[in-house]
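Novice: My structure is below; once you've seen it, I'll send some questions.
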Amino acid sequence: LYFTEIKDFANLEKKVEEKLGINEVLIVPCNLEHSNLIREIGRVAANYLRRLLRTGDIIAITGGYTMSQVAEMMPFCDERYENTIVVPGRGGLGEEVDIQANTIAASIAKKIGGKYYLLQVPDNLKVENISLIKDEPSIQKTLNILGKANILVHGVGNAAEMSARRGMDQSEIDDILSKGAIGEAFGYYCNLDGEIVYSTPSIGLSLEEVENIGTVIAVAGGEKKAEAIKSIISPKYQDVLITDEETARRIISL
Ligand code: BG6
């Protein structure tokens with residue numbers, strides 16, 4: 001069991017909203033050890049998603065520990081959302097199974113009584129294989145659904161950690177980092193000014209599609225995430241950020 005402080009973060013939330021130029025920031029208190037902090041971010045995000053849910057929604061999600069906590073903390077819904085679909089935003093086989101987008105999509109769909117589609121493709125594809133794989137009917141079906149997503153919930157990674165976690169060669173990692181990569185989300189790596197400096201060859205949401213998604217929610221907090229968040233979050237794509245107090249303070253100081 002853990003307890004969270006009751007604190008009024010309205011002021012701090014407003015400052016982060018202004019700094020990042022997005023509509024809404026939700027902050028959880030920081031008096032928690034790392035895994036409980038991520039769990040708390042997951043809980044707030046799950047409840048946010050629960051309130052947002054309407055039948056017929058198509059929810060795209062990504063992988064990662066934070067997103068796995070969103071799935072874990074998602075309450076079972078009495079009302080069953082049979083016409084609601086949860087779908088991975090990008091191929092991501094290769095990560096630990098518990099934190100793969102496919103696993104998370106299935107788990108959220110079960111909690112809300114909805115359907116899920118899978119995207120059974122690795123993240124780091126050989127460029128020449130991409131169009132071949134995209135032509136597979138089962139993949140096409142998922143990509144069609146993904147193109148109609150109206151909600152996206154995604155994690156934000158630290159570029160150095162994510163490139164290592166995705167099993168890239170040291171020379172590739174050095175190359176990405178030398179280009180100034182600080183943060184990563186759904187395969188796109190950005191520098192501190194928010195410019196994309198690299199993207200992993202895979203299949204899934206394009207940036208144009210992300211731009212057209214009605215509600216995009218980013219979930220990220222804990223050590224080493226402030227710079228990554230600052231580099232990734234842009235009013236062009238995101239609407240909501242759920243993070244923690246310390247990370248929020250670091251974001252406004254950047
Ligand atoms: C990945 C997502 O699986 O997890 C990324 O595809 C995200 O978009 C990353 O950056 C974040 O991971 P975590 O484990 O720090 O929540």
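Residues are referred to by chain and number: the chain letter is A, B, ... according to the order shown in the structure tokens, the number counts from 1 in that chain, and ligands are numbered separately from 1 in the order shown.
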Between chain A and ligand 1, at 6 Å or less, what are the per-residue closest atom pairs and their distances in Å? Count only C-alpha atoms and all ligand atoms, order by chain and rising residue number, and return it as JSON lines.
Specialist:
{"residue": "A:Thr62", "atom": "CA", "partner": "ligand 1", "partner_atom_place_in_ligand_line": "6 (O)", "distance": 4.8}
{"residue": "A:Gly63", "atom": "CA", "partner": "ligand 1", "partner_atom_place_in_ligand_line": "3 (O)", "distance": 3.4}
{"residue": "A:Gly64", "atom": "CA", "partner": "ligand 1", "partner_atom_place_in_ligand_line": "4 (O)", "distance": 3.4}
{"residue": "A:Tyr65", "atom": "CA", "partner": "ligand 1", "partner_atom_place_in_ligand_line": "14 (O)", "distance": 3.7}
{"residue": "A:Thr66", "atom": "CA", "partner": "ligand 1", "partner_atom_place_in_ligand_line": "16 (O)", "distance": 3.7}
{"residue": "A:Met67", "atom": "CA", "partner": "ligand 1", "partner_atom_place_in_ligand_line": "16 (O)", "distance": 5.9}
{"residue": "A:His154", "atom": "CA", "partner": "ligand 1", "partner_atom_place_in_ligand_line": "8 (O)", "distance": 5.6}
{"residue": "A:Gly155", "atom": "CA", "partner": "ligand 1", "partner_atom_place_in_ligand_line": "7 (C)", "distance": 4.1}
{"residue": "A:Val156", "atom": "CA", "partner": "ligand 1", "partner_atom_place_in_ligand_line": "10 (O)", "distance": 3.5}
{"residue": "A:Gly157", "atom": "CA", "partner": "ligand 1", "partner_atom_place_in_ligand_line": "10 (O)", "distance": 3.3}
{"residue": "A:Glu184", "atom": "CA", "partner": "ligand 1", "partner_atom_place_in_ligand_line": "10 (O)", "distance": 4.8}
{"residue": "A:Ala185", "atom": "CA", "partner": "ligand 1", "partner_atom_place_in_ligand_line": "8 (O)", "distance": 3.5}
{"residue": "A:Phe186", "atom": "CA", "partner": "ligand 1", "partner_atom_place_in_ligand_line": "8 (O)", "distance": 3.7}
Novice: Include N, CA, C and O atoms and write out the residues we just selected as an mmCIF file, in the first residue's frame.
Specialist:
data_model
loop_
_atom_site.group_PDB
_atom_site.id
_atom_site.type_symbol
_atom_site.label_atom_id
_atom_site.label_comp_id
_atom_site.auth_asym_id
_atom_site.auth_seq_id
_atom_site.Cartn_x
_atom_site.Cartn_y
_atom_site.Cartn_z
ATOM 1 N N THR A 62 0.689 2.868 -27.282
ATOM 2 C CA THR A 62 2.039 2.354 -27.524
ATOM 3 C C THR A 62 2.431 1.415 -26.383
ATOM 4 O O THR A 62 1.638 1.180 -25.463
ATOM 5 N N GLY A 63 3.654 0.932 -26.446
ATOM 6 C CA GLY A 63 4.144 0.036 -25.399
ATOM 7 C C GLY A 63 4.896 0.803 -24.320
ATOM 8 O O GLY A 63 4.782 2.024 -24.222
ATOM 9 N N GLY A 64 5.650 0.086 -23.526
ATOM 10 C CA GLY A 64 6.456 0.692 -22.465
ATOM 11 C C GLY A 64 5.913 0.369 -21.083
ATOM 12 O O GLY A 64 4.766 -0.071 -20.949
ATOM 13 N N TYR A 65 6.756 0.594 -20.059
ATOM 14 C CA TYR A 65 6.346 0.297 -18.679
ATOM 15 C C TYR A 65 5.193 1.192 -18.245
ATOM 16 O O TYR A 65 4.255 0.746 -17.573
ATOM 17 N N THR A 66 5.288 2.462 -18.618
ATOM 18 C CA THR A 66 4.254 3.402 -18.181
ATOM 19 C C THR A 66 2.906 2.990 -18.766
ATOM 20 O O THR A 66 1.895 2.945 -18.048
ATOM 21 N N MET A 67 2.904 2.667 -20.060
ATOM 22 C CA MET A 67 1.648 2.239 -20.681
ATOM 23 C C MET A 67 1.153 0.920 -20.091
ATOM 24 O O MET A 67 -0.056 0.693 -19.997
ATOM 25 N N HIS A 154 0.225 7.447 -25.355
ATOM 26 C CA HIS A 154 1.579 6.954 -25.614
ATOM 27 C C HIS A 154 2.578 7.328 -24.522
ATOM 28 O O HIS A 154 2.392 8.316 -23.806
ATOM 29 N N GLY A 155 3.630 6.534 -24.425
ATOM 30 C CA GLY A 155 4.721 6.822 -23.503
ATOM 31 C C GLY A 155 5.735 7.737 -24.172
ATOM 32 O O GLY A 155 5.678 7.978 -25.381
ATOM 33 N N VAL A 156 6.652 8.253 -23.368
ATOM 34 C CA VAL A 156 7.750 9.057 -23.904
ATOM 35 C C VAL A 156 9.030 8.475 -23.332
ATOM 36 O O VAL A 156 9.145 8.294 -22.117
ATOM 37 N N GLY A 157 9.968 8.156 -24.200
ATOM 38 C CA GLY A 157 11.194 7.517 -23.722
ATOM 39 C C GLY A 157 12.388 8.447 -23.797
ATOM 40 O O GLY A 157 12.399 9.410 -24.564
ATOM 41 N N GLU A 184 12.049 10.101 -27.248
ATOM 42 C CA GLU A 184 11.508 9.182 -28.273
ATOM 43 C C GLU A 184 10.034 8.914 -27.978
ATOM 44 O O GLU A 184 9.637 8.778 -26.823
ATOM 45 N N ALA A 185 9.244 8.863 -29.027
ATOM 46 C CA ALA A 185 7.862 8.394 -28.890
ATOM 47 C C ALA A 185 7.443 7.720 -30.186
ATOM 48 O O ALA A 185 7.795 8.203 -31.272
ATOM 49 N N PHE A 186 6.729 6.636 -30.062
ATOM 50 C CA PHE A 186 6.337 5.755 -31.177
ATOM 51 C C PHE A 186 7.349 5.727 -32.327
ATOM 52 O O PHE A 186 6.999 5.847 -33.496
#
Novice: Step one, run DSSP on the backbone; step two, keep only residues of region 1-198 of chain A assigned to strand (DSSP E or B); then write them as a tab-separated table (two decimals) with all heavy atoms, in the first residue's frame.
Specialist:
chain	number	residue	atom	x	y	z
A	24	GLU	N	-3.77	20.51	-21.56
A	24	GLU	CA	-4.00	20.00	-20.22
A	24	GLU	C	-2.81	19.20	-19.69
A	24	GLU	O	-2.29	18.33	-20.38
A	24	GLU	CB	-5.25	19.08	-20.27
A	24	GLU	CG	-5.80	18.81	-18.91
A	24	GLU	CD	-7.17	18.14	-18.95
A	24	GLU	OE1	-7.73	17.94	-20.05
A	24	GLU	OE2	-7.66	17.82	-17.86
A	25	VAL	N	-2.42	19.50	-18.46
A	25	VAL	CA	-1.36	18.73	-17.80
A	25	VAL	C	-1.90	18.26	-16.46
A	25	VAL	O	-2.54	19.02	-15.74
A	25	VAL	CB	-0.09	19.60	-17.61
A	25	VAL	CG1	0.93	18.90	-16.74
A	25	VAL	CG2	0.53	19.96	-18.96
A	26	LEU	N	-1.70	16.99	-16.17
A	26	LEU	CA	-2.12	16.44	-14.88
A	26	LEU	C	-0.87	15.96	-14.16
A	26	LEU	O	-0.03	15.27	-14.75
A	26	LEU	CB	-3.09	15.27	-15.08
A	26	LEU	CG	-4.42	15.61	-15.75
A	26	LEU	CD1	-5.24	14.35	-15.97
A	26	LEU	CD2	-5.21	16.59	-14.91
A	27	ILE	N	-0.77	16.33	-12.89
A	27	ILE	CA	0.45	16.02	-12.14
A	27	ILE	C	0.15	15.14	-10.94
A	27	ILE	O	-0.81	15.39	-10.20
A	27	ILE	CB	1.12	17.34	-11.69
A	27	ILE	CG1	1.61	18.10	-12.93
A	27	ILE	CG2	2.26	17.10	-10.71
A	27	ILE	CD1	2.17	19.47	-12.65
A	28	VAL	N	0.96	14.10	-10.75
A	28	VAL	CA	0.83	13.27	-9.55
A	28	VAL	C	1.97	13.64	-8.60
A	28	VAL	O	3.03	14.08	-9.03
A	28	VAL	CB	0.85	11.75	-9.88
A	28	VAL	CG1	-0.18	11.40	-10.94
A	28	VAL	CG2	2.22	11.27	-10.29
A	58	ILE	N	-11.82	4.58	-31.37
A	58	ILE	CA	-10.68	3.72	-31.75
A	58	ILE	C	-9.47	4.30	-31.03
A	58	ILE	O	-9.06	5.43	-31.27
A	58	ILE	CB	-10.48	3.70	-33.27
A	58	ILE	CG1	-11.75	3.13	-33.92
A	58	ILE	CG2	-9.24	2.87	-33.63
A	58	ILE	CD1	-11.69	3.03	-35.43
A	59	ILE	N	-8.95	3.51	-30.10
A	59	ILE	CA	-7.87	3.99	-29.23
A	59	ILE	C	-6.55	3.36	-29.65
A	59	ILE	O	-6.39	2.14	-29.58
A	59	ILE	CB	-8.16	3.60	-27.76
A	59	ILE	CG1	-9.57	4.05	-27.36
A	59	ILE	CG2	-7.11	4.18	-26.82
A	59	ILE	CD1	-10.07	3.33	-26.12
A	60	ALA	N	-5.62	4.19	-30.09
A	60	ALA	CA	-4.28	3.69	-30.39
A	60	ALA	C	-3.43	3.84	-29.13
A	60	ALA	O	-3.58	4.81	-28.39
A	60	ALA	CB	-3.67	4.49	-31.53
A	61	ILE	N	-2.57	2.87	-28.89
A	61	ILE	CA	-1.71	2.92	-27.71
A	61	ILE	C	-0.29	2.49	-28.10
A	61	ILE	O	-0.11	1.82	-29.12
A	61	ILE	CB	-2.24	2.01	-26.57
A	61	ILE	CG1	-2.43	0.56	-27.03
A	61	ILE	CG2	-3.57	2.52	-26.02
A	61	ILE	CD1	-1.30	-0.31	-26.76
A	85	ILE	N	-12.50	-0.06	-30.12
A	85	ILE	CA	-11.34	-0.86	-30.55
A	85	ILE	C	-10.06	-0.28	-29.96
A	85	ILE	O	-9.87	0.93	-29.94
A	85	ILE	CB	-11.24	-0.87	-32.10
A	85	ILE	CG1	-12.48	-1.52	-32.70
A	85	ILE	CG2	-9.97	-1.58	-32.57
A	85	ILE	CD1	-12.57	-1.39	-34.21
A	86	VAL	N	-9.19	-1.17	-29.49
A	86	VAL	CA	-7.86	-0.74	-29.03
A	86	VAL	C	-6.82	-1.36	-29.97
A	86	VAL	O	-6.89	-2.55	-30.29
A	86	VAL	CB	-7.60	-1.19	-27.57
A	86	VAL	CG1	-6.35	-0.50	-27.03
A	86	VAL	CG2	-8.79	-0.86	-26.67
A	87	VAL	N	-5.88	-0.54	-30.40
A	87	VAL	CA	-4.95	-1.00	-31.44
A	87	VAL	C	-3.55	-0.42	-31.18
A	87	VAL	O	-3.42	0.72	-30.76
A	87	VAL	CB	-5.52	-0.60	-32.84
A	87	VAL	CG1	-5.74	0.90	-32.97
A	87	VAL	CG2	-4.65	-1.08	-33.97
A	88	PRO	N	-2.51	-1.24	-31.36
A	88	PRO	CA	-1.14	-0.72	-31.17
A	88	PRO	C	-0.84	0.37	-32.20
A	88	PRO	O	-1.21	0.25	-33.37
A	88	PRO	CB	-0.24	-1.92	-31.43
A	88	PRO	CG	-1.13	-3.11	-31.37
A	88	PRO	CD	-2.49	-2.65	-31.76
A	90	ARG	N	2.11	1.23	-33.22
A	90	ARG	CA	3.30	0.93	-34.01
A	90	ARG	C	3.79	-0.48	-33.68
A	90	ARG	O	3.59	-0.95	-32.57
A	90	ARG	CB	4.38	1.95	-33.62
A	90	ARG	CG	5.45	2.11	-34.66
A	90	ARG	CD	6.28	3.32	-34.36
A	90	ARG	NE	7.49	3.31	-35.16
A	90	ARG	CZ	7.68	4.04	-36.24
A	90	ARG	NH1	6.75	4.85	-36.66
A	90	ARG	NH2	8.80	3.96	-36.92
A	93	LEU	N	7.27	-5.64	-31.55
A	93	LEU	CA	7.76	-6.93	-31.05
A	93	LEU	C	9.24	-6.77	-30.78
A	93	LEU	O	9.92	-6.04	-31.47
A	93	LEU	CB	7.54	-8.03	-32.09
A	93	LEU	CG	6.11	-8.31	-32.49
A	93	LEU	CD1	6.06	-9.49	-33.45
A	93	LEU	CD2	5.25	-8.60	-31.28
A	95	GLU	N	10.43	-5.98	-27.63
A	95	GLU	CA	10.48	-5.55	-26.23
A	95	GLU	C	9.97	-6.73	-25.39
A	95	GLU	O	9.37	-7.67	-25.92
A	95	GLU	CB	9.54	-4.37	-26.02
A	95	GLU	CG	10.00	-3.10	-26.72
A	95	GLU	CD	10.23	-1.96	-25.75
A	95	GLU	OE1	11.14	-2.11	-24.90
A	95	GLU	OE2	9.53	-0.95	-25.84
A	115	LYS	N	-12.91	-4.48	-28.44
A	115	LYS	CA	-12.17	-5.38	-29.34
A	115	LYS	C	-10.73	-4.89	-29.43
A	115	LYS	O	-10.45	-3.73	-29.15
A	115	LYS	CB	-12.74	-5.31	-30.75
A	115	LYS	CG	-14.15	-5.79	-30.89
A	115	LYS	CD	-14.47	-5.91	-32.39
A	115	LYS	CE	-15.90	-6.28	-32.63
A	115	LYS	NZ	-16.84	-5.19	-32.28
A	116	TYR	N	-9.84	-5.78	-29.85
A	116	TYR	CA	-8.48	-5.30	-30.11
A	116	TYR	C	-7.95	-5.87	-31.42
A	116	TYR	O	-8.41	-6.92	-31.87
A	116	TYR	CB	-7.53	-5.63	-28.96
A	116	TYR	CG	-7.39	-7.11	-28.66
A	116	TYR	CD1	-6.44	-7.89	-29.32
A	116	TYR	CD2	-8.20	-7.71	-27.71
A	116	TYR	CE1	-6.31	-9.24	-29.04
A	116	TYR	CE2	-8.08	-9.05	-27.42
A	116	TYR	CZ	-7.13	-9.82	-28.10
A	116	TYR	OH	-7.01	-11.15	-27.83
A	122	PRO	N	7.99	-6.44	-35.91
A	122	PRO	CA	9.05	-5.89	-35.07
A	122	PRO	C	9.18	-4.39	-35.28
A	122	PRO	O	8.65	-3.84	-36.25
A	122	PRO	CB	10.31	-6.59	-35.57
A	122	PRO	CG	9.87	-7.62	-36.52
A	122	PRO	CD	8.51	-7.30	-36.97
A	151	ILE	N	-8.25	8.50	-30.54
A	151	ILE	CA	-7.54	8.73	-29.27
A	151	ILE	C	-6.19	8.02	-29.39
A	151	ILE	O	-6.12	6.91	-29.93
A	151	ILE	CB	-8.32	8.13	-28.07
A	151	ILE	CG1	-9.69	8.80	-27.92
A	151	ILE	CG2	-7.52	8.26	-26.76
A	151	ILE	CD1	-10.58	8.16	-26.84
A	152	LEU	N	-5.14	8.65	-28.89
A	152	LEU	CA	-3.84	7.98	-28.80
A	152	LEU	C	-3.30	8.20	-27.39
A	152	LEU	O	-3.31	9.32	-26.89
A	152	LEU	CB	-2.87	8.57	-29.84
A	152	LEU	CG	-1.37	8.25	-29.67
A	152	LEU	CD1	-1.10	6.76	-29.87
A	152	LEU	CD2	-0.52	9.05	-30.67
A	153	VAL	N	-2.86	7.12	-26.76
A	153	VAL	CA	-2.19	7.24	-25.47
A	153	VAL	C	-0.79	6.65	-25.66
A	153	VAL	O	-0.65	5.51	-26.09
A	153	VAL	CB	-2.93	6.48	-24.34
A	153	VAL	CG1	-2.42	6.94	-22.97
A	153	VAL	CG2	-4.44	6.65	-24.43
A	154	HIS	N	0.22	7.45	-25.36
A	154	HIS	CA	1.58	6.95	-25.61
A	154	HIS	C	2.58	7.33	-24.52
A	154	HIS	O	2.39	8.32	-23.81
A	154	HIS	CB	2.08	7.46	-26.97
A	154	HIS	CG	2.39	8.93	-27.04
A	154	HIS	ND1	3.60	9.44	-26.66
A	154	HIS	CD2	1.65	9.98	-27.44
A	154	HIS	CE1	3.59	10.75	-26.83
A	154	HIS	NE2	2.42	11.11	-27.29
A	155	GLY	N	3.63	6.53	-24.43
A	155	GLY	CA	4.72	6.82	-23.50
A	155	GLY	C	5.73	7.74	-24.17
A	155	GLY	O	5.68	7.98	-25.38
A	157	GLY	N	9.97	8.16	-24.20
A	157	GLY	CA	11.19	7.52	-23.72
A	157	GLY	C	12.39	8.45	-23.80
A	157	GLY	O	12.40	9.41	-24.56
A	158	ASN	N	13.39	8.13	-22.98
A	158	ASN	CA	14.67	8.78	-23.04
A	158	ASN	C	15.42	8.16	-24.23
A	158	ASN	O	15.49	6.93	-24.34
A	158	ASN	CB	15.34	8.48	-21.69
A	158	ASN	CG	16.77	8.90	-21.64
A	158	ASN	OD1	17.63	8.21	-22.19
A	158	ASN	ND2	17.03	9.99	-20.99
A	183	GLY	N	14.61	12.65	-26.82
A	183	GLY	CA	13.39	11.92	-26.46
A	183	GLY	C	12.90	11.06	-27.61
A	183	GLY	O	13.31	11.25	-28.77
A	184	GLU	N	12.05	10.10	-27.25
A	184	GLU	CA	11.51	9.18	-28.27
A	184	GLU	C	10.03	8.91	-27.98
A	184	GLU	O	9.64	8.78	-26.82
A	184	GLU	CB	12.31	7.88	-28.24
A	184	GLU	CG	11.87	6.84	-29.24
A	184	GLU	CD	10.70	6.00	-28.77
A	184	GLU	OE1	10.33	6.09	-27.58
A	184	GLU	OE2	10.14	5.27	-29.60
A	185	ALA	N	9.24	8.86	-29.03
A	185	ALA	CA	7.86	8.39	-28.89
A	185	ALA	C	7.44	7.72	-30.19
A	185	ALA	O	7.80	8.20	-31.27
A	185	ALA	CB	6.92	9.55	-28.60
A	188	TYR	N	9.80	7.76	-33.13
A	188	TYR	CA	10.41	9.01	-33.59
A	188	TYR	C	11.32	9.57	-32.50
A	188	TYR	O	10.93	9.64	-31.33
A	188	TYR	CB	9.34	10.04	-33.94
A	188	TYR	CG	8.51	9.62	-35.14
A	188	TYR	CD1	7.34	8.89	-34.98
A	188	TYR	CD2	8.93	9.93	-36.43
A	188	TYR	CE1	6.59	8.48	-36.08
A	188	TYR	CE2	8.19	9.53	-37.53
A	188	TYR	CZ	7.02	8.81	-37.35
A	188	TYR	OH	6.29	8.40	-38.45
A	189	TYR	N	12.51	9.96	-32.90
A	189	TYR	CA	13.48	10.53	-31.96
A	189	TYR	C	13.61	12.03	-32.23
A	189	TYR	O	13.79	12.43	-33.39
A	189	TYR	CB	14.86	9.86	-32.12
A	189	TYR	CG	14.89	8.44	-31.62
A	189	TYR	CD1	14.34	7.40	-32.36
A	189	TYR	CD2	15.46	8.14	-30.38
A	189	TYR	CE1	14.36	6.09	-31.89
A	189	TYR	CE2	15.48	6.83	-29.91
A	189	TYR	CZ	14.93	5.82	-30.66
A	189	TYR	OH	14.95	4.53	-30.19
A	190	CYS	N	13.54	12.84	-31.19
A	190	CYS	CA	13.60	14.31	-31.36
A	190	CYS	C	14.73	14.92	-30.56
A	190	CYS	O	15.12	14.39	-29.52
A	190	CYS	CB	12.31	14.94	-30.87
A	190	CYS	SG	10.89	14.52	-31.87
A	196	ILE	N	12.59	16.25	-35.42
A	196	ILE	CA	12.81	14.80	-35.55
A	196	ILE	C	14.18	14.58	-36.17
A	196	ILE	O	14.48	15.11	-37.24
A	196	ILE	CB	11.72	14.17	-36.42
A	196	ILE	CG1	10.37	14.33	-35.71
A	196	ILE	CG2	12.00	12.70	-36.68
A	196	ILE	CD1	9.19	14.01	-36.57
A	197	VAL	N	15.02	13.81	-35.47
A	197	VAL	CA	16.37	13.57	-36.00
A	197	VAL	C	16.53	12.13	-36.50
A	197	VAL	O	17.47	11.81	-37.21
A	197	VAL	CB	17.46	13.91	-34.96
A	197	VAL	CG1	17.46	15.41	-34.67
A	197	VAL	CG2	17.28	13.12	-33.66
A	198	TYR	N	15.57	11.27	-36.16
A	198	TYR	CA	15.66	9.87	-36.61
A	198	TYR	C	14.30	9.19	-36.37
A	198	TYR	O	13.57	9.57	-35.46
A	198	TYR	CB	16.74	9.13	-35.79
A	198	TYR	CG	16.89	7.67	-36.13
A	198	TYR	CD1	17.60	7.26	-37.27
A	198	TYR	CD2	16.29	6.69	-35.33
A	198	TYR	CE1	17.71	5.93	-37.59
A	198	TYR	CE2	16.41	5.34	-35.66
A	198	TYR	CZ	17.11	4.97	-36.78
A	198	TYR	OH	17.20	3.64	-37.11
Novice: Give me, please, the distance in Å between CA of Glu246 (chain A) and CA of Asn31 (chain A), quoted to one decimal.
Specialist: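 Taking CA of Glu246 (chain A) and CA of Asn31 (chain A), their separation equals 9.7 Å.
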Novice: Determine which residues of region 148-233 of chain A DSSP labels as alpha helix (DSSP H) from the backbone of this structure, then write them out as a list in words.
Specialist: Ala159, Ala160, Glu161, Met162, Ser163, Ala164, Arg165, Gln170, Ser171, Glu172, Ile173, Asp174, Asp175, Ile176, Leu177, Ser178, Leu207, Glu208, Glu209, Val210, Glu211, Asn212, Ala226, Glu227, Ala228, Ile229, Lys230, Ser231 and Ile232 of chain A
Novice: For Thr215 (chain A), which residue among A:Leu32, A:Ala149, A:Leu177, A:Ala160 is the nearest when counting only C-alpha atoms?
Specialist: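 For Thr215 (chain A), the nearest of the given residues is A:Ala149.
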Novice: Applying 12 Å and only C-alpha atoms, which residues near Pro235 (chain A) remain after dropping the ones on its own chain fewer than 6 positions away? List them as a tab-separated table (two decimals) with C-alpha atoms, in the first residue's frame.
Specialist:
chain	number	residue	atom	x	y	z
A	17	GLU	CA	0.73	23.75	-20.07
A	18	GLU	CA	2.11	27.17	-21.02
A	19	LYS	CA	5.68	25.90	-21.38
A	20	LEU	CA	4.69	23.04	-23.69
A	21	GLY	CA	1.77	24.83	-25.35
A	22	ILE	CA	-0.72	22.03	-24.70
A	23	ASN	CA	-4.29	22.05	-23.34
A	24	GLU	CA	-4.00	20.00	-20.22
A	194	GLY	CA	11.45	19.15	-30.98
A	210	VAL	CA	-1.03	11.58	-35.18
A	211	GLU	CA	-1.71	15.22	-36.04
A	215	THR	CA	-7.08	13.48	-28.33
A	216	VAL	CA	-3.43	12.55	-27.85
A	217	ILE	CA	-2.38	11.79	-24.28
A	218	ALA	CA	1.28	11.40	-23.29
A	241	LEU	CA	0.39	15.20	-20.53
Novice: Within 10 Å of Gly113 (chain A), counting only C-alpha atoms, which residues show up once you throw out same-chain ones fewer than 2 positions away? Write them as a list in words, please.
Specialist: Phe76, Cys77, Asp78, Glu79, Arg80, Tyr81, Glu82, Asn83, Thr84, Ile85, Ser107, Ile108, Ala109, Lys110, Lys111, Lys115 and Tyr116 of chain A
